[in-house]
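Down below is the structure, laid out as structure tokens.
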Amino acid sequence: MKCVDDYRLKFGKQEFVPIMVGGMGVDISTAELALEVARLGGIGHISDAMVKTVADRRFNTKFVKNKLKQYKFNVANADKSVVQFDLGQLAEATKLHVGKTMEAKRGDGLIFVNCMEKLTMNAPKETLRVRMQAALDSGIDGITLAAGLHLGSFALIEDHPRFRDAKLGIIVSSLRALQLFLRKTARSNRLPDYVVVEGPLAGGHLGFGMDWADYDLATIVAEIRQFLLAEKLDIPLIPAGGIFTGSDAAAYLENGAAAVQVATRFTVASECGLPEDVQQEYFKASEDQIEVNQISPTGYPMRMLSNSPAIGDGIRPNCEAYGYLLDAKGNCSYISAYNREVAAHPGAKKVSVKDKTCLCTQMRNFDLWTCGHTTYRLKDTTRKLDDGSYRPLSAEHIFRDYQYSTDNRILLPE
Ligand SMILES: Cc1cc2nc3c(=O)[nH]c(=O)nc-3n(C[C@H](O)[C@H](O)[C@H](O)COP(=O)(O)O)c2cc1C
């Protein structure tokens with residue numbers, strides 16, 4: 001029986017272990033995790049979600065504090081349109097996060113950055129352009145366009161000197177989304193270097209409606225493969241979502257996938273950004289605790305543990321400090337949901353907001369426990385200790401298990 005290591009992901013003449021660890025914002029897929037994956041010969045992702053917060057944490061900068069100071073006068077105001085990102089500082093924070101990561105890179109693999117379009121940041125085009133350009137300036141190996149259709153994203157960087165040399169890919173959940181993207185970007189005369197096909201079992205936001213359970217990854221991958229063959233487009237396909245064992249991965253590779261993108265198994269790696277007590281919640285989770293709901297203000301359904309502290313939490317919006325989800329007019333659906341509850345409960349010290357969440361604050365504080373559908377199987381990937389807790393794993397252990405395991409076996413740590 002074949003294993004993942006019998007295959008290679010090829011970009012031109014370069015070859016890689018066909019394992020890509022997906023981006024997990026906000027700093028769940030840390031630089032440390034991505035660096036380890038690259039060292040082992042695969043493709044690791046960092047994420048530029050809330051990059052100022054991430055830079056502050058990593059480098060002791062004061063981006064967030066300074067932004068809050070600048071806009072403090074607006075905290076009680078429902079209209080957030082004045083709260084703009086300083087593009088120079090956004091570039092600086094991105095260059096720190098990406099640049100320092102790339103400086104530390106060792107080994108034969110690559111490091112990409114996950115760039116979500118839904119982080120509209122009160123000026124969608126301008127901020128996305130700065131984020132991508134700064135990442136390219138800082139030597140990132142590639143950019144994965146995520147959480148959005150990205151119809152104009154190539155155009156935002158086509159004048160960049162690295163536009164044709166950096167690897168550029170997109171995450172889609174349907175053939176239709178890919179077709180739209182290819183049509184809109186045809187002008188740039190550049191195909192994506194890879195396409196991640198993300199099915200309905202993935203973590204984070206889903207590219208499906210609440211009918212996600214009616215879809216199936218293998219079927220979508222087959223449809224897209226047929227289309228690419230018919231159009232004679234040679235673009236590596238990378239399935240993602242619910243690929244839990246090396247054998248699951250090898251089956252996709254055998255069927256023509258160029259690599260697989262995985263994430264959930266790495267949420268319990270010591271190099272992952274989730275605090276240890278939160279990782280224990282992931283280990284402990286049962287299948288009925290994993291839900292897909294609509295509390296994300298992005299409008300996309302999101303998968304998470306049902307005991308996430310974020311659910312129902314009615315904190316005051318923190319857009320002056322963060323504000324990553326503000327649309328072009330300075331709106332975020334959490335702000336209106338919060339204000340509605342405050343108006344309905346005059347004098348209450350704290351309100352509960354059930355239909356939406358303050359995604360920036362909750363993700364920043366690791367209080368929204370987003371996860372893939374297979375999270376309930378994580379307990380089978382390690383050993384239970386005498387005190388009842390589960391032993392965290394090294395990223396290397398998980399990576400090697402994907403790379404070499406056969407027969408659906410999962411290697412337990414010593
Ligand atoms: C905790 C967590 C956070 C995630 N955050 C993001 C994200 O910020 N952007 C994104 O494009 N995908 C995100 N994803 C999706 C993964 O990158 C990946 O495509 C998917 O989860 C793979 O499926 P698996 O988790 O079943 O292996 C996230 C997944 C998890 C588990």
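Ligands are numbered from 1 in the order shown, residues from 1 within each chain, and chains are lettered A, B, ... in the order they appear in the structure tokens.
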If we count only C-alpha atoms, what is near range 310-325 of chain A at a cut-off of 6 Å, once residues fewer than 2 positions away on the same chain are taken out, given as a JSON list (two decimals) with N, CA and C atoms, in the first residue's frame?
[["chain", "number", "residue", "atom", "x", "y", "z"],
["A", 64, "VAL", "N", -1.32, 47.95, 18.20],
["A", 64, "VAL", "CA", -2.72, 47.94, 18.63],
["A", 64, "VAL", "C", -2.99, 49.05, 19.64],
["A", 67, "LYS", "N", -3.19, 52.35, 17.92],
["A", 67, "LYS", "CA", -4.41, 52.55, 17.12],
["A", 67, "LYS", "C", -5.57, 52.88, 18.06],
["A", 68, "LEU", "N", -5.65, 52.17, 19.16],
["A", 68, "LEU", "CA", -6.71, 52.44, 20.12],
["A", 68, "LEU", "C", -6.60, 53.87, 20.66],
["A", 71, "TYR", "N", -7.95, 56.39, 18.17],
["A", 71, "TYR", "CA", -9.39, 56.40, 17.90],
["A", 71, "TYR", "C", -10.25, 56.26, 19.15],
["A", 119, "LEU", "N", -11.34, 39.89, 5.45],
["A", 119, "LEU", "CA", -10.81, 40.90, 6.38],
["A", 119, "LEU", "C", -10.80, 42.21, 5.61],
["A", 120, "THR", "N", -11.92, 42.88, 5.62],
["A", 120, "THR", "CA", -12.10, 44.04, 4.73],
["A", 120, "THR", "C", -11.53, 45.33, 5.32],
["A", 121, "MET", "N", -11.32, 45.39, 6.61],
["A", 121, "MET", "CA", -10.50, 46.41, 7.27],
["A", 121, "MET", "C", -10.85, 47.86, 6.91],
["A", 308, "SER", "N", -17.30, 26.99, 23.14],
["A", 308, "SER", "CA", -16.43, 28.17, 22.99],
["A", 308, "SER", "C", -16.96, 29.33, 23.81],
["A", 351, "VAL", "N", -24.59, 42.45, 28.42],
["A", 351, "VAL", "CA", -25.65, 41.83, 27.62],
["A", 351, "VAL", "C", -25.10, 40.55, 27.01],
["A", 352, "SER", "N", -26.02, 39.73, 26.51],
["A", 352, "SER", "CA", -25.60, 38.55, 25.77],
["A", 352, "SER", "C", -26.00, 38.74, 24.31],
["A", 353, "VAL", "N", -25.08, 38.44, 23.41],
["A", 353, "VAL", "CA", -25.40, 38.55, 21.98],
["A", 353, "VAL", "C", -25.27, 37.15, 21.39],
["A", 354, "LYS", "N", -26.40, 36.61, 20.97],
["A", 354, "LYS", "CA", -26.39, 35.19, 20.57],
["A", 354, "LYS", "C", -26.17, 34.99, 19.07],
["A", 362, "GLN", "N", -12.60, 37.87, 19.97],
["A", 362, "GLN", "CA", -12.69, 36.48, 20.42],
["A", 362, "GLN", "C", -11.57, 35.63, 19.83],
["A", 367, "ASP", "N", -10.78, 32.62, 22.37],
["A", 367, "ASP", "CA", -12.03, 32.25, 23.01],
["A", 367, "ASP", "C", -13.07, 31.73, 22.01],
["A", 368, "LEU", "N", -12.73, 31.76, 20.73],
["A", 368, "LEU", "CA", -13.60, 31.13, 19.73],
["A", 368, "LEU", "C", -12.83, 29.95, 19.18]]
**Message:** Quick one: residues within 12 Å of Ala146 in chain A, only C-alpha atoms, excluding same-chain residues fewer than 6 positions away - as JSON, numbers by chain?
**Reply:** {"A": [22, 23, 24, 25, 45, 47, 48, 49, 112, 113, 114, 115, 116, 117, 118, 119, 128, 153, 168, 169, 170, 171, 172, 173, 177, 195, 196, 197, 198, 204, 205, 206, 207]}
Let me see the file: selected residues, N, CA and C atoms, as a short mmCIF file (atom, residue, chain, number, x, y, z; two decimals), in the first residue's frame.
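In the end it all went to part.cif:
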data_model
loop_
_atom_site.label_atom_id
_atom_site.label_comp_id
_atom_site.auth_asym_id
_atom_site.auth_seq_id
_atom_site.Cartn_x
_atom_site.Cartn_y
_atom_site.Cartn_z
N GLY A 22 -2.49 24.05 6.48
CA GLY A 22 -3.29 25.23 6.13
C GLY A 22 -3.11 26.39 7.10
N GLY A 23 -3.42 27.57 6.62
CA GLY A 23 -3.38 28.77 7.45
C GLY A 23 -4.48 28.70 8.49
N MET A 24 -4.14 29.09 9.71
CA MET A 24 -5.13 29.15 10.79
C MET A 24 -4.93 30.46 11.53
N GLY A 25 -5.85 31.39 11.22
CA GLY A 25 -5.76 32.69 11.89
C GLY A 25 -6.45 32.58 13.23
N HIS A 45 2.01 27.27 6.46
CA HIS A 45 1.35 28.58 6.30
C HIS A 45 1.45 29.39 7.58
N SER A 47 -0.47 33.15 8.81
CA SER A 47 -1.67 33.87 8.39
C SER A 47 -1.43 35.34 8.69
N ASP A 48 -1.98 36.20 7.85
CA ASP A 48 -1.83 37.63 8.15
C ASP A 48 -3.08 38.19 8.83
N ALA A 49 -3.93 37.32 9.36
CA ALA A 49 -5.12 37.82 10.06
C ALA A 49 -4.71 38.55 11.34
N PHE A 112 4.06 29.81 3.02
CA PHE A 112 3.08 30.67 2.36
C PHE A 112 2.32 31.47 3.43
N VAL A 113 1.67 32.53 2.97
CA VAL A 113 0.81 33.28 3.90
C VAL A 113 -0.63 33.16 3.44
N ASN A 114 -1.52 32.92 4.40
CA ASN A 114 -2.95 32.82 4.13
C ASN A 114 -3.55 34.22 4.25
N CYS A 115 -4.16 34.65 3.16
CA CYS A 115 -4.64 36.03 3.07
C CYS A 115 -6.16 36.03 2.84
N MET A 116 -6.92 36.37 3.85
CA MET A 116 -8.38 36.29 3.75
C MET A 116 -9.00 37.59 3.24
N GLU A 117 -9.75 37.48 2.16
CA GLU A 117 -10.37 38.68 1.58
C GLU A 117 -11.44 39.27 2.50
N LYS A 118 -12.07 38.40 3.29
CA LYS A 118 -13.14 38.88 4.16
C LYS A 118 -12.64 39.81 5.27
N LEU A 119 -11.34 39.89 5.45
CA LEU A 119 -10.81 40.90 6.38
C LEU A 119 -10.80 42.21 5.61
N LEU A 128 -5.88 45.15 1.34
CA LEU A 128 -5.47 43.85 0.77
C LEU A 128 -4.22 44.03 -0.10
N SER A 153 -7.96 40.24 -6.87
CA SER A 153 -6.72 40.18 -6.06
C SER A 153 -5.45 40.13 -6.89
N LEU A 168 1.32 31.63 -6.22
CA LEU A 168 0.03 32.21 -5.87
C LEU A 168 -1.04 31.15 -6.04
N GLY A 169 -1.85 30.97 -5.01
CA GLY A 169 -2.91 29.96 -5.09
C GLY A 169 -4.19 30.50 -4.50
N ILE A 170 -5.26 29.75 -4.72
CA ILE A 170 -6.55 30.19 -4.18
C ILE A 170 -7.28 28.99 -3.58
N ILE A 171 -8.07 29.28 -2.55
CA ILE A 171 -8.92 28.25 -1.96
C ILE A 171 -10.33 28.40 -2.53
N VAL A 172 -10.87 27.32 -3.08
CA VAL A 172 -12.26 27.35 -3.57
C VAL A 172 -13.00 26.16 -2.98
N SER A 173 -14.33 26.29 -2.96
CA SER A 173 -15.14 25.16 -2.48
C SER A 173 -16.09 24.67 -3.56
N ALA A 177 -16.81 28.69 -8.33
CA ALA A 177 -15.92 29.73 -7.76
C ALA A 177 -14.60 29.76 -8.51
N VAL A 195 -4.43 25.14 -6.63
CA VAL A 195 -5.80 25.43 -6.17
C VAL A 195 -6.10 24.50 -5.00
N VAL A 196 -6.39 25.07 -3.87
CA VAL A 196 -6.82 24.27 -2.72
C VAL A 196 -8.34 24.11 -2.83
N VAL A 197 -8.79 22.87 -2.84
CA VAL A 197 -10.23 22.61 -2.91
C VAL A 197 -10.67 22.24 -1.50
N GLU A 198 -11.39 23.14 -0.87
CA GLU A 198 -11.74 22.93 0.54
C GLU A 198 -13.18 22.43 0.65
N GLY A 204 -12.47 26.60 10.53
CA GLY A 204 -12.59 28.01 10.15
C GLY A 204 -13.89 28.28 9.41
N HIS A 205 -13.89 29.27 8.52
CA HIS A 205 -15.09 29.60 7.75
C HIS A 205 -15.29 28.60 6.62
N LEU A 206 -16.53 28.36 6.27
CA LEU A 206 -16.82 27.40 5.21
C LEU A 206 -17.29 28.13 3.95
N GLY A 207 -16.89 27.60 2.80
CA GLY A 207 -17.35 28.17 1.54
C GLY A 207 -18.68 27.55 1.11
#
**Prompt:** So what do you get for CA of Ala249 in chain A versus CA of Gln289 in chain A, distance-wise?
**Reply:**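 Atom-to-atom, CA of Ala249 in chain A to CA of Gln289 in chain A, that is 25.4 Å.
Of the listed residues A:Pro309, A:Pro239, A:Gly107, A:Gly388, the one whose atoms come nearest to ligand 1 is A:Pro239, with distances taken using only C-alpha atoms and all ligand atoms.
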**Request:** Name the residues of range 208-313 of chain A that come out as alpha helix (DSSP H) in a backbone DSSP run; write them as a ChimeraX atom specification.
**Result:** /A:217-230,246-254,276-284
Atoms kept (N, CA and C atoms) for selection, written as a short mmCIF file (atom, residue, chain, number, x, y, z; two decimals), in the first residue's frame:
data_model
loop_
_atom_site.label_atom_id
_atom_site.label_comp_id
_atom_site.auth_asym_id
_atom_site.auth_seq_id
_atom_site.Cartn_x
_atom_site.Cartn_y
_atom_site.Cartn_z
N LEU A 217 -16.23 16.39 -0.35
CA LEU A 217 -14.96 16.85 -0.92
C LEU A 217 -14.55 16.07 -2.17
N ALA A 218 -14.62 14.75 -2.09
CA ALA A 218 -14.14 13.93 -3.21
C ALA A 218 -14.89 14.28 -4.50
N THR A 219 -16.20 14.51 -4.38
CA THR A 219 -17.01 14.84 -5.56
C THR A 219 -16.59 16.18 -6.14
N ILE A 220 -16.37 17.17 -5.29
CA ILE A 220 -15.98 18.50 -5.79
C ILE A 220 -14.60 18.43 -6.45
N VAL A 221 -13.69 17.70 -5.83
CA VAL A 221 -12.34 17.56 -6.41
C VAL A 221 -12.44 16.91 -7.79
N ALA A 222 -13.24 15.86 -7.89
CA ALA A 222 -13.37 15.15 -9.18
C ALA A 222 -13.94 16.09 -10.25
N GLU A 223 -14.93 16.88 -9.87
CA GLU A 223 -15.55 17.83 -10.82
C GLU A 223 -14.51 18.84 -11.33
N ILE A 224 -13.74 19.37 -10.40
CA ILE A 224 -12.74 20.38 -10.77
C ILE A 224 -11.64 19.75 -11.63
N ARG A 225 -11.27 18.54 -11.29
CA ARG A 225 -10.25 17.83 -12.06
C ARG A 225 -10.70 17.61 -13.50
N GLN A 226 -11.94 17.22 -13.66
CA GLN A 226 -12.51 17.01 -14.99
C GLN A 226 -12.45 18.30 -15.80
N PHE A 227 -12.86 19.37 -15.15
CA PHE A 227 -12.87 20.68 -15.82
C PHE A 227 -11.45 21.07 -16.27
N LEU A 228 -10.48 20.92 -15.37
CA LEU A 228 -9.11 21.32 -15.71
C LEU A 228 -8.56 20.46 -16.85
N LEU A 229 -8.88 19.18 -16.83
CA LEU A 229 -8.43 18.29 -17.91
C LEU A 229 -9.04 18.73 -19.24
N ALA A 230 -10.35 18.99 -19.19
CA ALA A 230 -11.05 19.38 -20.41
C ALA A 230 -10.50 20.69 -20.97
N GLY A 246 -2.76 9.46 7.12
CA GLY A 246 -1.90 9.36 5.96
C GLY A 246 -2.59 8.60 4.83
N SER A 247 -3.40 7.62 5.20
CA SER A 247 -4.10 6.84 4.17
C SER A 247 -5.16 7.68 3.47
N ASP A 248 -5.87 8.51 4.24
CA ASP A 248 -6.84 9.43 3.61
C ASP A 248 -6.12 10.28 2.57
N ALA A 249 -4.93 10.78 2.96
CA ALA A 249 -4.16 11.65 2.07
C ALA A 249 -3.68 10.88 0.85
N ALA A 250 -3.14 9.69 1.08
CA ALA A 250 -2.60 8.89 -0.03
C ALA A 250 -3.69 8.56 -1.05
N ALA A 251 -4.91 8.35 -0.56
CA ALA A 251 -6.01 8.03 -1.49
C ALA A 251 -6.25 9.21 -2.45
N TYR A 252 -6.21 10.44 -1.94
CA TYR A 252 -6.37 11.60 -2.82
C TYR A 252 -5.20 11.71 -3.79
N LEU A 253 -3.99 11.46 -3.30
CA LEU A 253 -2.80 11.57 -4.16
C LEU A 253 -2.87 10.53 -5.28
N GLU A 254 -3.34 9.34 -4.91
CA GLU A 254 -3.48 8.26 -5.89
C GLU A 254 -4.47 8.67 -6.99
N GLU A 276 -2.40 25.83 25.84
CA GLU A 276 -2.50 24.41 26.19
C GLU A 276 -3.86 24.01 26.73
N ASP A 277 -4.48 24.89 27.55
CA ASP A 277 -5.78 24.50 28.11
C ASP A 277 -6.84 24.43 27.01
N VAL A 278 -6.70 25.24 25.99
CA VAL A 278 -7.64 25.18 24.86
C VAL A 278 -7.39 23.91 24.04
N GLN A 279 -6.12 23.56 23.90
CA GLN A 279 -5.81 22.31 23.17
C GLN A 279 -6.45 21.11 23.86
N GLN A 280 -6.51 21.16 25.19
CA GLN A 280 -7.16 20.05 25.91
C GLN A 280 -8.65 19.99 25.56
N GLU A 281 -9.28 21.15 25.34
CA GLU A 281 -10.70 21.17 24.94
C GLU A 281 -10.86 20.51 23.57
N TYR A 282 -9.91 20.75 22.69
CA TYR A 282 -9.96 20.11 21.36
C TYR A 282 -9.83 18.59 21.51
N PHE A 283 -8.89 18.17 22.34
CA PHE A 283 -8.70 16.72 22.56
C PHE A 283 -9.98 16.09 23.11
N LYS A 284 -10.60 16.78 24.08
CA LYS A 284 -11.73 16.18 24.80
C LYS A 284 -13.01 16.16 23.99
#
**Asked** How would you write, as an MDAnalysis selection string, the set of residues in range 201-384 of chain A that DSSP gives as strand (DSSP E or B)?
**Response** chainID A and resid 204:205 237:240 260:262 269 290:293 302:305 312:314 351:353 370 384
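Using only C-alpha atoms for every distance, the candidate list A:Thr101, A:Asn66, A:Asn255, A:Ser81 yields A:Thr101 as the residue closest to Ala31 in chain A.
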**Prompt:** Which residue out of A:Ala135, A:Ala344, A:Leu411, A:Ala123 has the minimum interatomic distance to Val82 in chain A when only C-alpha atoms are used?
**Reply:** A:Ala123
**Item:** Nearest candidate to Leu305 in chain A (options A:Phe266, A:Tyr334, A:Tyr390, A:Trp369; using only C-alpha atoms)
**Value:**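 That would be A:Trp369, the residue with the smallest distance to Leu305 in chain A.
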**Request:** Find the residue from A:Met304, A:Leu393, A:Ile157, A:Ile111 that sits nearest to Thr374 in chain A; use only C-alpha atoms when measuring.
**Result:** A:Met304
**Asked** Quick one: residues within 12 Å of Val37 in chain A, only C-alpha atoms counted, chain neighbours fewer than 6 positions away excluded, as a PyMOL selection string?
**Response** chain A and resi 16-22+29-31+43-46+105-112+262-263+266+269+271-272+394-400+402-403
I need the residues from that last selection saved to file as a short mmCIF file (atom, residue, chain, number, x, y, z; two decimals), in the first residue's frame (with C-alpha atoms), if you can.
data_model
loop_
_atom_site.label_atom_id
_atom_site.label_comp_id
_atom_site.auth_asym_id
_atom_site.auth_seq_id
_atom_site.Cartn_x
_atom_site.Cartn_y
_atom_site.Cartn_z
CA PHE A 16 8.13 18.88 -1.92
CA VAL A 17 6.58 16.42 0.47
CA PRO A 18 2.93 16.78 -0.61
CA ILE A 19 1.68 17.98 2.76
CA MET A 20 0.52 21.55 3.14
CA VAL A 21 -0.50 22.71 6.60
CA GLY A 22 -3.29 25.23 6.13
CA SER A 29 -0.74 28.45 12.57
CA THR A 30 2.23 30.24 14.10
CA ALA A 31 5.55 31.00 12.46
CA ILE A 43 4.52 23.66 2.83
CA GLY A 44 3.67 25.59 5.99
CA HIS A 45 1.35 28.58 6.30
CA ILE A 46 1.38 31.60 8.48
CA LYS A 105 13.37 29.40 7.44
CA ARG A 106 15.51 26.25 7.19
CA GLY A 107 15.14 23.14 5.10
CA ASP A 108 13.66 22.37 1.71
CA GLY A 109 10.03 23.32 2.21
CA LEU A 110 8.17 26.56 1.61
CA ILE A 111 6.24 29.06 3.70
CA PHE A 112 3.08 30.67 2.36
CA VAL A 262 -4.50 19.62 6.49
CA ALA A 263 -4.97 21.60 9.68
CA PHE A 266 -1.94 20.24 13.93
CA ALA A 269 0.86 20.44 18.17
CA GLU A 271 4.14 24.62 18.01
CA CYS A 272 0.52 25.65 17.35
CA SER A 394 5.15 17.72 18.21
CA ALA A 395 4.44 19.04 14.73
CA GLU A 396 7.17 16.71 13.50
CA HIS A 397 5.36 13.70 14.94
CA ILE A 398 2.10 14.63 13.21
CA PHE A 399 3.81 15.49 9.94
CA ARG A 400 5.75 12.21 9.86
CA TYR A 402 0.86 11.79 7.64
CA GLN A 403 3.96 11.18 5.56
#
**Item:** Spatial neighbours of Glu126 in chain A, 9 Å, only C-alpha atoms, chain gap at least 5 places, as a list of chain:residue names
**Value:**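 In the requested format, the answer is A:Leu87, A:Arg131, A:Leu156.
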**Asked** Counting only C-alpha atoms, what is within 12 Å of Arg162 in chain A, bar same-chain residues fewer than 6 positions away, as a ChimeraX atom specification?
**Response** /A:132-143,154,168
With C-alpha atoms retained, write the just-selected residues as a PDB file, in the first residue's frame.
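As written to disk, out.pdb reads:
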ATOM      1  CA  MET A 132      -0.026  41.158  -0.266  1.00  0.00           C
ATOM      2  CA  GLN A 133       2.635  43.566  -1.478  1.00  0.00           C
ATOM      3  CA  ALA A 134       4.303  43.717   1.919  1.00  0.00           C
ATOM      4  CA  ALA A 135       4.316  39.916   2.116  1.00  0.00           C
ATOM      5  CA  LEU A 136       5.961  39.715  -1.321  1.00  0.00           C
ATOM      6  CA  ASP A 137       8.452  42.427  -0.350  1.00  0.00           C
ATOM      7  CA  SER A 138       9.374  40.377   2.705  1.00  0.00           C
ATOM      8  CA  GLY A 139      10.259  37.286   0.709  1.00  0.00           C
ATOM      9  CA  ILE A 140       7.209  35.102   1.314  1.00  0.00           C
ATOM     10  CA  ASP A 141       7.363  31.982  -0.868  1.00  0.00           C
ATOM     11  CA  GLY A 142       3.684  32.152  -1.764  1.00  0.00           C
ATOM     12  CA  ILE A 143       0.264  33.622  -1.028  1.00  0.00           C
ATOM     13  CA  PHE A 154      -4.252  39.335  -8.828  1.00  0.00           C
ATOM     14  CA  LEU A 168       0.033  32.213  -5.866  1.00  0.00           C
TER      15      LEU A 168
END
**Asked** Could you work out how far CA of Gly241 in chain A lies from atom 18 (C, counted along the ligand's line) of ligand 1, giving the answer in Å with one decimal?
**Response** 5.9 Å
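Of the listed residues (A:Leu274, A:Ala240, A:Ala285, A:Met302), A:Met302 comes nearest to Gly209 in chain A; the distances count only C-alpha atoms.
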**Message:** Could you tell me how far CA of Ala166 in chain A sits from CA of Glu92 in chain A, in Å to one decimal place?
**Reply:** 20.1 Å
**Request:** Quick one: everything within 9 Å of Phe59 in chain A, counting only C-alpha atoms, minus sequence neighbours fewer than 5 positions away in the same chain. Send it as a list in words.
**Result:**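 Residues near the query, excluding close chain neighbours: Val54, Leu96 and His97 of chain A.
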